[in-house]
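Student: My structure file my_file_38.cif, mmCIF, C-alpha atoms, is below:
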data_work
#
loop_
_atom_site.label_atom_id
_atom_site.label_comp_id
_atom_site.auth_asym_id
_atom_site.auth_seq_id
_atom_site.Cartn_x
_atom_site.Cartn_y
_atom_site.Cartn_z
CA MET A 545 0.00 0.00 0.00
CA SER A 546 1.18 3.53 -0.81
CA PRO A 547 2.07 5.94 2.05
CA LEU A 548 -0.88 7.37 3.94
CA THR A 549 -1.96 10.97 3.54
CA ILE A 550 -3.12 12.07 7.00
CA LEU A 551 -4.78 15.44 7.47
CA PRO A 552 -5.93 17.12 10.69
CA ALA A 553 -9.69 17.19 11.22
CA GLY A 554 -10.40 19.39 14.21
CA GLU A 555 -8.66 19.04 17.57
CA HIS A 556 -9.17 15.33 18.14
CA ALA A 557 -9.50 13.68 14.72
CA LEU A 558 -7.47 12.74 11.65
CA LEU A 559 -8.64 12.28 8.08
CA LEU A 560 -6.91 9.53 6.14
CA ASP A 561 -6.92 10.00 2.36
CA LEU A 562 -6.52 6.70 0.53
CA ASN A 563 -6.24 5.85 -3.16
CA SER A 564 -9.10 3.45 -3.65
CA GLU A 565 -12.12 1.79 -2.12
CA ALA A 566 -10.10 -1.42 -1.86
CA GLU A 567 -7.49 0.37 0.27
CA VAL A 568 -10.23 1.74 2.52
CA LEU A 569 -11.64 -1.75 3.04
CA ALA A 570 -8.19 -3.19 3.72
CA PHE A 571 -7.33 -0.43 6.16
CA ILE A 572 -10.63 -0.76 8.06
CA HIS A 573 -10.06 -4.51 8.23
CA ALA A 574 -6.63 -3.93 9.80
CA LEU A 575 -7.78 -1.06 12.01
CA THR A 576 -10.62 -3.10 13.47
CA ARG A 577 -8.21 -5.82 14.57
CA ASN A 578 -5.32 -3.58 15.68
CA THR A 579 -6.81 -0.32 16.89
CA PRO A 580 -4.02 2.05 18.02
CA ALA A 581 -4.10 3.44 21.55
CA GLY A 582 -6.03 6.69 21.69
CA VAL A 583 -8.36 5.90 18.76
CA GLU A 584 -11.97 6.18 19.86
CA ASP A 585 -13.85 5.65 16.59
CA PHE A 586 -13.37 5.53 12.83
CA LEU A 587 -15.73 6.20 9.95
CA PRO A 588 -14.93 5.08 6.39
CA ALA A 589 -16.19 6.68 3.19
CA ALA A 590 -15.47 5.91 -0.47
CA ARG A 591 -11.84 7.10 -0.37
CA THR A 592 -11.27 8.38 3.18
CA VAL A 593 -11.34 7.24 6.79
CA LEU A 594 -12.11 9.68 9.61
CA VAL A 595 -10.30 8.58 12.78
CA THR A 596 -11.61 10.17 15.98
CA CYS A 597 -9.32 10.12 19.02
CA THR A 598 -9.88 10.56 22.72
CA PRO A 599 -9.30 14.10 24.08
CA THR A 600 -6.12 12.94 25.84
CA ALA A 601 -4.62 11.08 22.86
CA ASP A 602 -1.25 12.14 21.49
CA LEU A 603 -2.04 12.69 17.80
CA THR A 604 1.62 12.41 16.85
CA ASN A 605 1.73 8.90 18.28
CA VAL A 606 -1.58 8.02 16.64
CA ARG A 607 -0.26 9.22 13.26
CA HIS A 608 2.82 7.04 13.70
CA ASP A 609 0.75 3.99 14.64
CA LEU A 610 -1.61 4.49 11.68
CA ASN A 611 1.33 4.68 9.28
CA GLU A 612 2.86 1.55 10.79
CA LEU A 613 -0.46 -0.23 10.43
CA ALA A 614 -0.65 0.78 6.77
CA HIS A 615 2.85 -0.59 6.10
CA THR A 616 2.21 -3.97 7.67
CA MET A 617 -1.36 -4.71 6.61
CA SER A 618 -2.46 -6.83 3.68
CA ASP A 619 -3.00 -4.99 0.41
CA ALA A 620 -6.54 -6.29 0.07
CA VAL A 621 -9.33 -7.96 1.97
CA THR A 622 -10.20 -11.25 0.34
CA ASP A 623 -13.83 -12.25 0.08
CA SER A 624 -13.17 -15.34 2.20
CA GLY A 625 -11.08 -13.56 4.79
CA SER A 626 -13.79 -12.27 7.09
CA ASP A 627 -14.13 -13.65 10.59
CA GLU A 628 -17.92 -13.26 10.46
CA ALA A 629 -20.46 -15.16 8.39
CA PRO A 630 -22.18 -13.08 5.71
CA PHE A 631 -25.28 -11.12 6.68
CA VAL A 632 -28.04 -12.84 4.70
CA ILE A 633 -30.81 -10.73 3.15
CA GLU A 634 -33.82 -12.52 1.66
CA VAL A 635 -35.16 -10.59 -1.33
CA ARG A 636 -38.39 -10.55 -3.32
CA TYR A 637 -37.23 -9.53 -6.79
CA ASP A 638 -40.31 -7.45 -7.52
CA GLY A 639 -38.74 -4.00 -7.94
CA PRO A 640 -40.24 -1.49 -10.38
CA ASP A 641 -36.87 -0.94 -12.09
CA LEU A 642 -35.89 -4.59 -12.56
CA ASP A 643 -36.97 -4.74 -16.20
CA ASP A 644 -35.22 -1.46 -17.04
CA VAL A 645 -32.04 -2.66 -15.33
CA ALA A 646 -32.13 -5.90 -17.31
CA LYS A 647 -32.69 -4.02 -20.57
CA THR A 648 -29.89 -1.51 -19.91
CA LEU A 649 -27.42 -4.25 -19.01
CA LYS A 650 -28.59 -6.45 -21.93
CA MET A 651 -29.51 -9.21 -19.51
CA SER A 652 -32.66 -11.13 -18.72
CA ARG A 653 -34.52 -10.62 -15.43
CA ALA A 654 -33.27 -14.04 -14.35
CA ASP A 655 -29.69 -13.08 -15.21
CA VAL A 656 -29.89 -9.90 -13.11
CA ILE A 657 -31.29 -11.85 -10.16
CA SER A 658 -28.63 -14.54 -10.55
CA ALA A 659 -25.85 -11.95 -10.72
CA HIS A 660 -27.17 -10.20 -7.61
CA THR A 661 -27.50 -13.38 -5.55
CA SER A 662 -24.27 -15.06 -6.68
CA ALA A 663 -22.00 -12.06 -6.02
CA VAL A 664 -20.10 -11.66 -2.77
CA TRP A 665 -20.97 -8.18 -1.49
CA ARG A 666 -19.10 -6.26 1.18
CA CYS A 667 -20.05 -3.08 3.04
CA ALA A 668 -17.64 -0.36 1.95
CA PHE A 669 -19.14 2.38 4.11
CA ILE A 670 -22.40 3.72 5.54
CA GLY A 671 -23.85 7.01 4.35
CA PHE A 672 -26.88 8.92 3.03
CA ALA A 673 -29.06 7.71 5.93
CA PRO A 674 -28.47 5.76 9.17
CA GLY A 675 -27.99 2.10 8.29
CA PHE A 676 -27.70 2.73 4.53
CA ALA A 677 -24.81 0.39 3.69
CA TYR A 678 -22.98 0.89 0.40
CA LEU A 679 -22.27 -2.67 -0.72
CA THR A 680 -19.58 -3.34 -3.30
CA SER A 681 -18.63 -6.44 -5.25
CA ARG A 682 -15.89 -7.15 -7.75
CA ASP A 683 -17.88 -9.85 -9.53
CA SER A 684 -21.50 -8.66 -9.73
CA HIS A 685 -21.45 -7.19 -13.29
CA LEU A 686 -24.31 -4.94 -12.21
CA ASP A 687 -22.80 -1.48 -12.65
CA ILE A 688 -25.73 0.75 -13.62
CA PRO A 689 -26.27 4.51 -13.19
CA ARG A 690 -28.86 6.10 -10.95
CA ARG A 691 -32.30 6.83 -12.33
CA PRO A 692 -32.53 10.01 -14.44
CA GLN A 693 -35.00 11.39 -11.90
CA SER A 694 -35.13 10.55 -8.21
CA ARG A 695 -38.28 9.30 -6.55
CA THR A 696 -39.77 11.47 -3.83
CA ALA A 697 -40.43 8.37 -1.70
CA VAL A 698 -38.72 4.97 -1.75
CA PRO A 699 -40.23 2.38 0.62
CA ALA A 700 -38.18 0.97 3.48
CA GLY A 701 -36.68 -2.38 2.55
CA SER A 702 -36.19 -1.50 -1.13
CA VAL A 703 -33.22 -3.36 -2.60
CA ALA A 704 -31.38 -1.17 -5.06
CA LEU A 705 -28.46 -0.75 -7.47
CA ALA A 706 -26.53 2.35 -8.56
CA GLY A 707 -22.98 3.22 -9.59
CA GLY A 708 -21.64 -0.28 -8.99
CA TYR A 709 -23.12 -0.48 -5.49
CA SER A 710 -26.09 -2.32 -4.04
CA ALA A 711 -28.00 -1.21 -0.95
CA VAL A 712 -31.14 -1.65 1.09
CA TYR A 713 -33.09 1.45 2.05
CA PRO A 714 -33.35 1.21 5.87
CA ARG A 715 -36.35 3.55 5.99
CA ALA A 716 -38.68 5.36 3.60
CA SER A 717 -36.90 8.28 1.98
CA PRO A 718 -36.35 10.02 -1.35
CA GLY A 719 -33.90 8.21 -3.59
CA GLY A 720 -32.59 7.82 -7.09
CA TRP A 721 -31.26 4.27 -7.08
CA GLN A 722 -32.65 1.53 -9.34
CA ILE A 723 -35.07 -0.59 -7.28
CA ILE A 724 -34.86 -4.28 -8.16
CA GLY A 725 -36.53 -5.87 -5.14
CA SER A 726 -37.74 -5.64 -1.57
CA THR A 727 -36.91 -7.26 1.76
CA ASP A 728 -38.15 -7.49 5.32
CA ALA A 729 -34.60 -7.39 6.67
CA VAL A 730 -34.08 -4.74 9.36
CA MET A 731 -31.05 -2.63 8.52
CA TRP A 732 -31.30 -0.06 11.33
CA ASP A 733 -32.54 -0.69 14.88
CA LEU A 734 -31.92 1.87 17.62
CA ASN A 735 -32.39 -0.84 20.25
CA ALA A 736 -29.61 -2.99 18.80
CA VAL A 737 -25.88 -2.71 19.47
CA PRO A 738 -24.68 -1.52 17.05
CA PRO A 739 -27.87 -0.06 15.50
CA ALA A 740 -26.69 -0.72 11.92
CA SER A 741 -27.12 -4.40 11.00
CA VAL A 742 -24.24 -4.22 8.52
CA GLN A 743 -20.96 -2.57 9.50
CA PRO A 744 -18.13 -1.52 7.15
CA GLY A 745 -16.18 -4.58 6.04
CA ARG A 746 -19.05 -7.02 6.68
CA ARG A 747 -19.91 -9.42 3.90
CA VAL A 748 -23.51 -9.56 2.67
CA ARG A 749 -25.28 -12.25 0.70
CA PHE A 750 -28.60 -11.75 -1.10
CA VAL A 751 -30.95 -14.73 -1.37
CA ASN A 752 -33.94 -15.04 -3.71
CA GLU A 753 -36.94 -15.57 -1.45
CA GLU A 754 -38.75 -17.49 -4.19
CA GLU A 755 -36.08 -20.16 -4.47
CA PRO A 756 -36.43 -23.28 -2.27
#
Starting from the file, lay out its structure as structure tokens.
Tutor:
Amino acid sequence: MSPLTILPAGEHALLLDLNSEAEVLAFIHALTRNTPAGVEDFLPAARTVLVTCTPTADLTNVRHDLNELAHTMSDAVTDSGSDEAPFVIEVRYDGPDLDDVAKTLKMSRADVISAHTSAVWRCAFIGFAPGFAYLTSRDSHLDIPRRPQSRTAVPAGSVALAGGYSAVYPRASPGGWQIIGSTDAVMWDLNAVPPASVQPGRRVRFVNEEEP
């Protein structure tokens, strides 16, 4: 991995600028298992990781430890390398955009469903809304743009595709992703610890509810 770019972010935080989503996933994987002293929390995004430290942490030492971690970690997180079993989401492939997605990708409905369920997905980061996990896969072949016009209301549990990602809307909200299905899976529960069912780095597997 290339040297880290570490920028200050307020008095008690550091912003790590990485080169790719794969590097973010690899770094979060390493950081979760070897969290440096003084690090209180970390929040990944598409190309950055925000590391929040305790008020008494020595940021110089934290910077050193983060750089050391980057030098010694694996360059990538393999799909089989997670300590946890995949989070399984049962899907009804009844989305209003499924036919359009199939047409755009020059696939059949069955091919889209097969590609979605056979791919190994991994949570790259959480954003847009609490519990909205951006799921990425290197082998899905389902890279499709957002809808030309967003919907004013997307139902909770909508299973969607956009920009190479898949996601489940944790609650009803506006949205412009392509809706290919729906699920009863709970993605955000304030009474759970942690509230988000899928955390960054967690593998996710979609299952067709209609299949035996």
Student: Which residues of stretch 648-705 of chain A come within 9 Å of stretch 588-606 of chain A, and for each one, what is the closest pair of atoms and their distance in Å to one decimal, counting only C-alpha atoms, sorted by chain and residue number, as a Markdown table?
Tutor:
| residue | atom | partner | partner_atom | distance |
| --- | --- | --- | --- | --- |
| A:Ala668 | CA | A:Ala590 | CA | 7.1 |
| A:Phe669 | CA | A:Ala589 | CA | 5.3 |
| A:Ile670 | CA | A:Ala589 | CA | 7.3 |
| A:Gly671 | CA | A:Ala589 | CA | 7.8 |
Student: Do you know which residues the PyMOL selection byres ((chain A and resi 739-755) around 6) returns on this file, as a list in words?
Tutor: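 So the PyMOL selection byres ((chain A and resi 739-755) around 6) ends up selecting Pro630, Phe631, Val632, Ile633, Glu634, Val635, Arg636, Thr661, Trp665, Arg666, Cys667, Ala668, Phe669, Gly675, Met731, Trp732, Asp733, Leu734, Ala736, Val737, Pro738 and Pro756 of chain A.
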Student: Can you work out which one of A:Pro714, A:Leu560, A:Ser658, A:Pro699 has the shortest atom-to-atom distance to A:Leu548, counting all atoms listed in the file?
Tutor: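 Closest candidate: A:Leu560.
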Student: Place a sphere of radius 10 Å on (-37.3, 12.4, -1.2) in the file coordinates and name every protein, DNA or RNA residue with an atom inside or on its surface, counting all atoms listed in the file; give the answer as an MDAnalysis selection string.
Tutor: chainID A and resid 694:698 716:720
Student: What would the selection look like, as an mmCIF file with C-alpha atoms, keeping the file's coordinate frame, if the PyMOL selection byres ((chain A and resi 654) around 12) were run on the coordinates I just shared?
Tutor:
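Output saved as out.cif:
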data_model
loop_
_atom_site.group_PDB
_atom_site.id
_atom_site.type_symbol
_atom_site.label_atom_id
_atom_site.label_comp_id
_atom_site.auth_asym_id
_atom_site.auth_seq_id
_atom_site.Cartn_x
_atom_site.Cartn_y
_atom_site.Cartn_z
ATOM 1 C CA TYR A 637 -37.230 -9.530 -6.790
ATOM 2 C CA ASP A 638 -40.310 -7.450 -7.520
ATOM 3 C CA LEU A 642 -35.890 -4.590 -12.560
ATOM 4 C CA ASP A 643 -36.970 -4.740 -16.200
ATOM 5 C CA VAL A 645 -32.040 -2.660 -15.330
ATOM 6 C CA ALA A 646 -32.130 -5.900 -17.310
ATOM 7 C CA LYS A 647 -32.690 -4.020 -20.570
ATOM 8 C CA LYS A 650 -28.590 -6.450 -21.930
ATOM 9 C CA MET A 651 -29.510 -9.210 -19.510
ATOM 10 C CA SER A 652 -32.660 -11.130 -18.720
ATOM 11 C CA ARG A 653 -34.520 -10.620 -15.430
ATOM 12 C CA ASP A 655 -29.690 -13.080 -15.210
ATOM 13 C CA VAL A 656 -29.890 -9.900 -13.110
ATOM 14 C CA ILE A 657 -31.290 -11.850 -10.160
ATOM 15 C CA SER A 658 -28.630 -14.540 -10.550
ATOM 16 C CA ALA A 659 -25.850 -11.950 -10.720
ATOM 17 C CA HIS A 660 -27.170 -10.200 -7.610
ATOM 18 C CA THR A 661 -27.500 -13.380 -5.550
ATOM 19 C CA SER A 662 -24.270 -15.060 -6.680
ATOM 20 C CA ILE A 724 -34.860 -4.280 -8.160
ATOM 21 C CA ASN A 752 -33.940 -15.040 -3.710
ATOM 22 C CA GLU A 755 -36.080 -20.160 -4.470
#
Student: For a test of reading the model, state the distance in Å between atom CA of A:Leu686 and atom CA of A:Leu569, rounded to one decimal.
Tutor: 20.1 Å
